[in-house]
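The block underneath contains the structure these notes are about, expressed in C-alpha cells.
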Amino acid sequence: MIHYTVDKTIPKNLPLLLKKRAEDYPEINLQAYKDASGTFVYSSYSKVYREVICFAAALSEHGVKKGSNVALISDNRREWLITDMAIQSLGGADVPRGCDSMGKEIRFIIDFADCEIGFFENVRQLEKVLENAAETPKLKKAVLFDRADAIENCPFQVLYFDDLLKEGEMLYAHDTAKWTAQIEAQMNDIGPEDTATIIFTSGTTGTPKGVMLTHNNYISQLAVLQPFLPAHPGDWWLSVLPVWHVFERLIQYVAVYFTNGIAYSKPVPSILLGDLAVIRPHWMCGVPRLWEALASGVHKAMKKTGGIKYKLFHFFVGVGDKYNNSKNLVRGFVCQIKKRSRFLDFCAGIIPMIFLWPLYKLGNALVFKKIQAKFGGRLTIAISGGGSLQRTTENFYHSVGLNLLEGYGLTETAPVISFRYHKIPRPGCVGVIFPTFEVKVVKEEHGVIVTDADGKPVEVGPGQKGLILVKGSQVMKGYYKRPDLTEKAIDKDGFFNTGDIGLLTYDKEIKITGRAKDTIVLSDGENIEPAVIENELCTSPFIESAIVLGQDQKILASLIVPSKEAVIQYAQENGLDFTDYEKLLQTEQIKDLIYKEVNTKDNPANGFRPCERIAKIALLPNSFKVGEELSAKQEMMRFKIVEKYAALIATLF
C-alpha cells in the first residue's frame with residue numbers, strides 16, 4: 001500500500017519552481033557538463049537561475065513573449081535547460097526536436113508551430129532548414145549553441161547563444177532590480193494551464209501531431225512523486241536519453257523538484273561508463289536498448305577475461321537470478337494476472353531462498369560489487385521507459401543487485417501513467433497507477449471500443465485484456481491546431497485513448513500486452529508509423545504487399561509479398577529456374593533483388609530516418625487474402641498477420 005501526499009508548497013509553474021529551489025538551495029549544483037577538455041564543470045542553482053533571468057531578458061529584447069512558440073533543435077546539453085526555462089519564463093513554449101531528425105521533419109514542425117525564432121545545436125541542424133528555407137517562411141532568427149564559420153545564403157538572422165547570454169548579462173548588470181522584477185513578474189503571470197511545450201510525435205512517418213503539454217501537466221505529477229523516487233537534495237542524475245523526448249524532459253524537472261543535479265552524458269557505452277565513474281549518480285533513466293547494451297558489455301568483458309573469473313561470473317549471475325525469483329515469491333512480488341495464493345507462493349520460495357542466500361552473499365562479495373562499481377557504486381534506482389523491457393535484461397540487473405524499475409506512459413500523458421514502486425517491485429508489470437490518473441480497461445475489437453446500450457465503453461475486470469483509457473491532470477491540453485485529432489483521442493468524459501492493450505492485475509497494477517494502434521515503439525524509444533513505410537515499399541514494381549514489424553525490438557523488419565508476375569519475369573530475363581516459385585523466392589538472387597528495392601525506397605532521400613530503415617526481410621509466396629490477413633475493406637489486419645506468421649517473424653529478430 002502506497003500512502004500518497006500532495007506537495008501543496010510546489011509553485012504553479014516550472015520557472016517558479018526553479019526560482020524557489022535557487023532561493024532555498026543556492027549553493028547546491030544543478031548542472032555538470034564537459035568543457036573543451038572533457039572535464040566536468042559544475043553550475044549551482046543560483047548561477048543557473050541567474051543565467052535564466054539574463055537569457056530571458058535577452059530573448060524578450062528579441063521578441064519572445066507570452067504565447068511565442070520557439071523551436072529548440074538540440075540534444076542534451078547545459079544550454080538546453082537554460083533556453084527551455086528562459087522561454088517558459090516569458091510565457092512562451094518551446095518546440096523541441098533532436099539532432100537525428102530529418103530536414104523535412106524539422107521544417108514542417110517549425111512552420112506548423114508558427115516559430116519565428118529557432119535554436120539549433122550546431123550549423124548542421126540549421127542546414128537542415130536551409131535545404132529548403134522557403135518551407136519555413138515565418139522563421140526570422142536562428143540561434144546556434146555552437147560557433148560556426150560564415151553561413152551563406154541564409155535568409156534570416158543568425159545569432160549565437162553565448163552572445164545572447166552576454167547581452168542579457170549586460171542588461172542585468174545595468175539594472176538588476178528592473179530585469180529581475182520584470183522577468184519574475186512574467187513568471188507569475190503564467191497560469192497552470194498555459195502551454196509549456198509542444199512535443200511533436202510521428203515525425204515524417206505520418207501526420208506529425210504537436211502535443212501541447214501545460215505547466216500543470218508536469219507540476220501535478222511532481223507533487224505526488226515522493227513515494228516513487230525518494231531523492232534527496234544534492235543527489236545526481238545522469239542524463240543520457242534525448243532530452244526532447246517526453247521521458248527525459250520530465251527528468252529535467254524531477255531533478256529541479258528534488259534539488260538534484262543533472263550531469264550530461266551520451267548513450268554510448270564507452271563514454272557512459274567513464275561518466276558513471278566520475279559523477280557516480282544516484283539515479284539514471286534509459287530506454288531498454290541502453291540497458292541491454294550495458295548488460296551485453298558486461299557479459300562481453302567477462303567472457304573476454306575468460307578462465308575462472310568468467311565461470312564464477314556466469315555461475316553467480318545464475319544464482320542471483322534464482323535467488324531473486326525465490327525472494328519475489330516469498331515477499332509477494334508477483335504480477336497477479338490470475339489470483340494467486342500468497343501461502344503457496346511463500347512455500348514455493350522460502351526453501352530455495354534460504355539455500356541460495358549464502359551463495360548470493362558470496363557472489364555479491366566476489367562479483368556483484370565490482371559490477372555495481374562500474375555504475376558508480378551509488379546508483380539507488382535505475383529507470384527503464386520508452387519501450388518494453390526484456391525480461392532477461394531485467395533479471396540480469398536484479399541478479400547483480402541493481403534496482404532497475406520500469407514505467408509506462410505516453411507523450412500525451414506527460415508521460416508517466418504508472419511506475420513500479422521500488423518497495424514492491426513486481427516483475428512483469430509496469431507498476432502502480434499514478435494518483436493523478438483514473439484508469440479503466442475497456443473491451444475492444446480490432447482497436448475499436450465496444451460500447452453498451454448507453455454508448456458507454458464496456459469495462460473488463462482484473463486479468464482481462466482490453467484497451468487502456470486514462471483520465472487525469474497529466475493528460476495533454478490537446479494537439480496543436482488539430483482539434484479534430486484531439487476529439488478523436490479524448491472522449492467526452494475526458495478519457496484519453498492510449499492505444500495500448502493491457503490489463504489490470506489483482507494488485508491494481510498495469511501490464512501491457514500489445515498495441516491497438518499501428519505505431520511501433522522500438523526498444524530505444526523511437527516511435528515509428530509503419531503505414532507510410534509500407535506504402536513507399538509498395539511503390540516498387542516487385543513488391544505487392546508489405547508489413548513492417550519491430551515492436552519492442554532494436555530494429556525494423558518486414559514481411560513482404562513480392563509481385564509474382566514481376567519476379568517471374570525477372571527470373572526469365574536472368575536465366576533463373578522459376579518452375580517452383582517458392583524455391584525461387586529463397587534464392588539469393590531474388591532475396592537480393594527485393595532487399596535492394598527495400599533500400600531504394602526506405603532511405604533518407606525519401607524522408608526516412610535511420611531508425612526507420614528495414615534491417616531484415618522475409619518473403620511470402622502467397623498474396624494476403626480477405627478474411628485471413630485482410631479485412632473486408634482489404635486493409636491489413638496486423639494482429640492476424642502477426643499470429644499467422646509468428647514463427648517466421650521470430651526468425652527475423
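Chain identifiers are assigned as A, B, and so on, following the order in which chains appear in the C-alpha cells; residues are numbered from 1 within each chain, and ligands are numbered from 1 in order of appearance.
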Q) Residues at most 12 Å from Ala173 in chain A, counting only C-alpha atoms, excluding those fewer than 4 positions away in the same chain, as a PyMOL selection string? A) chain A and resi 50-51+53-54+57+166-169+177-180
Q: Run DSSP on the backbone of this structure and report the residues of range 104-192 of chain A it assigns to strand (DSSP E or B), as a VMD selection string.
A: chain A and resid 117 to 120 141 to 144 157 to 160
Can you write out the residues you just picked, keeping N, CA, C and O atoms, as an mmCIF file, in the first residue's frame?
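Writing done, so here's result34.cif:
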data_model
loop_
_atom_site.group_PDB
_atom_site.id
_atom_site.type_symbol
_atom_site.label_atom_id
_atom_site.label_comp_id
_atom_site.auth_asym_id
_atom_site.auth_seq_id
_atom_site.Cartn_x
_atom_site.Cartn_y
_atom_site.Cartn_z
ATOM 1 N N ILE A 117 11.428 32.197 -34.051
ATOM 2 C CA ILE A 117 12.803 32.040 -33.578
ATOM 3 C C ILE A 117 13.067 30.557 -33.368
ATOM 4 O O ILE A 117 12.206 29.825 -32.868
ATOM 5 N N GLY A 118 14.267 30.112 -33.763
ATOM 6 C CA GLY A 118 14.639 28.721 -33.577
ATOM 7 C C GLY A 118 16.037 28.600 -33.009
ATOM 8 O O GLY A 118 16.938 29.359 -33.392
ATOM 9 N N PHE A 119 16.208 27.663 -32.081
ATOM 10 C CA PHE A 119 17.529 27.351 -31.521
ATOM 11 C C PHE A 119 18.019 26.055 -32.160
ATOM 12 O O PHE A 119 17.258 25.088 -32.298
ATOM 13 N N PHE A 120 19.303 26.039 -32.509
ATOM 14 C CA PHE A 120 19.898 24.891 -33.187
ATOM 15 C C PHE A 120 21.218 24.547 -32.507
ATOM 16 O O PHE A 120 22.016 25.443 -32.203
ATOM 17 N N LYS A 141 14.724 34.398 -37.009
ATOM 18 C CA LYS A 141 16.025 34.377 -36.338
ATOM 19 C C LYS A 141 16.393 32.949 -35.962
ATOM 20 O O LYS A 141 15.533 32.158 -35.552
ATOM 21 N N ALA A 142 17.678 32.624 -36.111
ATOM 22 C CA ALA A 142 18.207 31.318 -35.705
ATOM 23 C C ALA A 142 19.330 31.541 -34.704
ATOM 24 O O ALA A 142 20.213 32.371 -34.935
ATOM 25 N N VAL A 143 19.304 30.802 -33.600
ATOM 26 C CA VAL A 143 20.329 30.908 -32.572
ATOM 27 C C VAL A 143 21.077 29.589 -32.494
ATOM 28 O O VAL A 143 20.459 28.525 -32.316
ATOM 29 N N LEU A 144 22.398 29.626 -32.640
ATOM 30 C CA LEU A 144 23.228 28.423 -32.583
ATOM 31 C C LEU A 144 23.888 28.298 -31.216
ATOM 32 O O LEU A 144 24.382 29.283 -30.662
ATOM 33 N N GLN A 157 18.276 36.102 -39.752
ATOM 34 C CA GLN A 157 19.383 36.497 -38.884
ATOM 35 C C GLN A 157 19.901 35.304 -38.084
ATOM 36 O O GLN A 157 19.119 34.505 -37.560
ATOM 37 N N VAL A 158 21.243 35.182 -37.998
ATOM 38 C CA VAL A 158 21.870 34.109 -37.226
ATOM 39 C C VAL A 158 22.564 34.711 -36.007
ATOM 40 O O VAL A 158 23.377 35.633 -36.136
ATOM 41 N N LEU A 159 22.228 34.202 -34.836
ATOM 42 C CA LEU A 159 22.805 34.655 -33.574
ATOM 43 C C LEU A 159 23.438 33.461 -32.869
ATOM 44 O O LEU A 159 23.274 32.318 -33.286
ATOM 45 N N TYR A 160 24.156 33.749 -31.773
ATOM 46 C CA TYR A 160 24.809 32.687 -31.008
ATOM 47 C C TYR A 160 24.391 32.762 -29.541
ATOM 48 O O TYR A 160 24.214 33.858 -28.981
#
Q.
DSSP on the backbone: which residues in range 296-501 of chain A end up as alpha helix (DSSP H)? Give the answer as a ChimeraX atom specification.
A. /A:296-305,307-331,342-363,369-374,391-399,483-489
(Q) At a cut-off of 6 Å, using only C-alpha atoms, what residues contact range 343-359 of chain A? Leave out same-chain residues fewer than 4 positions from it and give the result as JSON, numbers by chain. (A) {"A": [323, 326, 327, 329, 330]}
Go ahead and save the picked residues with C-alpha atoms, as a tab-separated table (two decimals), in the first residue's frame.
chain	number	residue	atom	x	y	z
A	323	TYR	CA	17.65	-16.20	-5.51
A	326	SER	CA	12.58	-17.13	-4.89
A	327	LYS	CA	12.66	-13.94	-2.82
A	329	LEU	CA	7.68	-15.40	-4.25
A	330	VAL	CA	8.35	-15.10	-0.54
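Distance check against Ser270 in chain A using only C-alpha atoms: of A:Lys209, A:Lys596, A:Lys374, A:Lys456, the minimum falls on A:Lys374.
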At most 9 Å is the cut-off: for each residue in range 172-288 of chain A with any atom that close to an atom of range 5-20 of chain A, write down the nearest atom pair and the distance in Å rounded to one decimal, counting only C-alpha atoms, chain first then increasing number, as CSV.
residue,atom,partner,partner_atom,distance
A:Glu184,CA,A:Leu16,CA,8.2
A:Met187,CA,A:Pro15,CA,6.5
A:Asn188,CA,A:Leu16,CA,7.5
A:Ile190,CA,A:Asn13,CA,6.9
A:Gly191,CA,A:Lys12,CA,6.9
A:Pro192,CA,A:Lys12,CA,5.7
A:Asp194,CA,A:Asn13,CA,8.9
A:Ala196,CA,A:Leu14,CA,8.4
A:Thr214,CA,A:Asn13,CA,8.8
A:His215,CA,A:Asn13,CA,5.2
A:Asn216,CA,A:Asn13,CA,6.9
A:Tyr218,CA,A:Leu14,CA,8.0
A:Ile219,CA,A:Asn13,CA,6.7
A:Ser220,CA,A:Val6,CA,8.7
A:Leu222,CA,A:Asp7,CA,8.2
A:Ala223,CA,A:Asp7,CA,4.7
A:Val224,CA,A:Val6,CA,5.1
A:Leu225,CA,A:Val6,CA,8.6
A:Gln226,CA,A:Thr5,CA,8.2
A:Pro227,CA,A:Thr5,CA,8.5
A:Tyr253,CA,A:Leu14,CA,7.6
A:Val256,CA,A:Leu18,CA,6.4
A:Tyr257,CA,A:Leu17,CA,7.0
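Among A:Val319, A:Val254, A:Val439, A:Leu467, the residue with the shortest atom-to-atom distance to Tyr360 in chain A, counting only C-alpha atoms, is A:Val319.
As for CA of Glu529 in chain A and CA of Glu438 in chain A, they are spaced 27.9 Å apart.
Shell of Ile87 in chain A at 9 Å, with only C-alpha atoms counted and residues fewer than 4 places along the chain excluded, is Val52, Phe55, Ala56, Leu59, Ser60, Val64, Lys65, Lys66, Ser68, Asn69, Val70, Ile82, Thr83, Gly91, Gly92, Ala93, Asp94 and Ala196 of chain A.
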Output C-alpha atoms for every residue in the selection just made, as a PDB file, in the first residue's frame.
ATOM      1  CA  VAL A  52      17.917  32.005 -16.952  1.00  0.00           C
ATOM      2  CA  PHE A  55      18.836  34.903 -21.071  1.00  0.00           C
ATOM      3  CA  ALA A  56      15.126  35.632 -20.703  1.00  0.00           C
ATOM      4  CA  LEU A  59      15.097  36.887 -25.540  1.00  0.00           C
ATOM      5  CA  SER A  60      12.479  39.453 -24.589  1.00  0.00           C
ATOM      6  CA  VAL A  64       9.935  36.289 -27.366  1.00  0.00           C
ATOM      7  CA  LYS A  65       6.787  36.919 -25.331  1.00  0.00           C
ATOM      8  CA  LYS A  66       3.805  35.154 -23.840  1.00  0.00           C
ATOM      9  CA  SER A  68       5.512  32.577 -28.534  1.00  0.00           C
ATOM     10  CA  ASN A  69       6.455  29.147 -29.860  1.00  0.00           C
ATOM     11  CA  VAL A  70      10.230  28.730 -30.148  1.00  0.00           C
ATOM     12  CA  ILE A  82      18.655  27.373 -19.688  1.00  0.00           C
ATOM     13  CA  THR A  83      16.907  28.029 -23.003  1.00  0.00           C
ATOM     14  CA  GLY A  91       5.265  32.724 -21.089  1.00  0.00           C
ATOM     15  CA  GLY A  92       6.414  31.057 -24.291  1.00  0.00           C
ATOM     16  CA  ALA A  93       6.567  27.372 -25.220  1.00  0.00           C
ATOM     17  CA  ASP A  94       9.474  25.547 -26.778  1.00  0.00           C
ATOM     18  CA  ALA A 196       4.919  24.845 -21.531  1.00  0.00           C
TER      19      ALA A 196
END
Please build the interface table for range 288-328 of chain A against range 229-252 of chain A with a cut-off of 12 Å, listing for each qualifying residue the nearest atom pair and the distance in Å to one decimal; count only C-alpha atoms, order rows by chain and increasing number, and write it as a Markdown table.
| residue | atom | partner | partner_atom | distance |
| --- | --- | --- | --- | --- |
| A:Pro288 | CA | A:Leu241 | CA | 11.2 |
| A:Arg289 | CA | A:Leu241 | CA | 11.1 |
| A:Leu290 | CA | A:Leu241 | CA | 9.2 |
| A:Trp291 | CA | A:Val240 | CA | 11.6 |
Next, the residues of the selection above should be written as a short mmCIF file (atom, residue, chain, number, x, y, z; two decimals), in the first residue's frame with all heavy atoms.
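Result saved to selection-v9.cif:
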data_model
loop_
_atom_site.label_atom_id
_atom_site.label_comp_id
_atom_site.auth_asym_id
_atom_site.auth_seq_id
_atom_site.Cartn_x
_atom_site.Cartn_y
_atom_site.Cartn_z
N PRO A 288 15.10 0.59 -22.95
CA PRO A 288 15.51 -0.82 -22.86
C PRO A 288 16.79 -1.13 -23.63
O PRO A 288 17.64 -1.89 -23.16
CB PRO A 288 14.31 -1.57 -23.44
CG PRO A 288 13.15 -0.70 -23.09
CD PRO A 288 13.65 0.71 -23.24
N ARG A 289 16.95 -0.52 -24.81
CA ARG A 289 18.12 -0.82 -25.62
C ARG A 289 19.42 -0.43 -24.93
O ARG A 289 20.45 -1.10 -25.05
CB ARG A 289 18.00 -0.13 -26.97
CG ARG A 289 19.07 -0.55 -27.96
CD ARG A 289 18.78 0.00 -29.34
NE ARG A 289 19.76 -0.41 -30.32
CZ ARG A 289 19.71 -0.12 -31.60
NH1 ARG A 289 18.69 0.59 -32.05
NH2 ARG A 289 20.63 -0.53 -32.43
N LEU A 290 19.38 0.69 -24.18
CA LEU A 290 20.57 1.12 -23.45
C LEU A 290 20.93 0.12 -22.36
O LEU A 290 22.11 -0.26 -22.21
CB LEU A 290 20.34 2.50 -22.84
CG LEU A 290 21.47 3.03 -21.96
CD1 LEU A 290 22.73 3.25 -22.77
CD2 LEU A 290 21.04 4.32 -21.26
N TRP A 291 19.93 -0.30 -21.61
CA TRP A 291 20.20 -1.26 -20.54
C TRP A 291 20.67 -2.60 -21.11
O TRP A 291 21.55 -3.25 -20.52
CB TRP A 291 18.93 -1.46 -19.69
CG TRP A 291 18.49 -0.20 -19.01
CD1 TRP A 291 17.31 0.46 -19.19
CD2 TRP A 291 19.24 0.57 -18.06
NE1 TRP A 291 17.27 1.59 -18.42
CE2 TRP A 291 18.44 1.69 -17.71
CE3 TRP A 291 20.49 0.43 -17.48
CZ2 TRP A 291 18.87 2.65 -16.81
CZ3 TRP A 291 20.92 1.39 -16.57
CH2 TRP A 291 20.11 2.48 -16.24
#
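Going from CA of Glu445 in chain A over to CA of Asn497 in chain A, you cover 14.1 Å.
When CA of Leu213 in chain A is paired with CA of Leu410 in chain A, their separation reads 11.7 Å.
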Q. Which polymer residues have any atom within 12 Å of an atom of Asn364 in chain A, counting only C-alpha atoms, with same-chain residues fewer than 4 positions away left out, as a list in words?
A. Leu312, Phe313, Phe315, Phe316, Val317, Val319, Gly320, Tyr323, Trp357, Pro358, Leu359, Tyr360, Phe368, Lys369, Lys370, Ile371, Gln372, Ala373, His398, Ser399, Val400, Gly401 and Leu402 of chain A
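Between Val432 in chain A and the residues A:Thr505, A:Ser46, A:Gln474, A:Thr451, the shortest atom-to-atom distance, using only C-alpha atoms, involves A:Thr505.
Nearest residue to Gly385 in chain A, choosing from A:Lys492, A:Ile308, A:Gly525, A:Gly431 and counting only C-alpha atoms: A:Gly525.
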Q: Counting only C-alpha atoms, figure out which residue out of A:Val548, A:Leu559, A:Ile337, A:Leu576 gets nearest to Gln464 in chain A.
A: A:Ile337
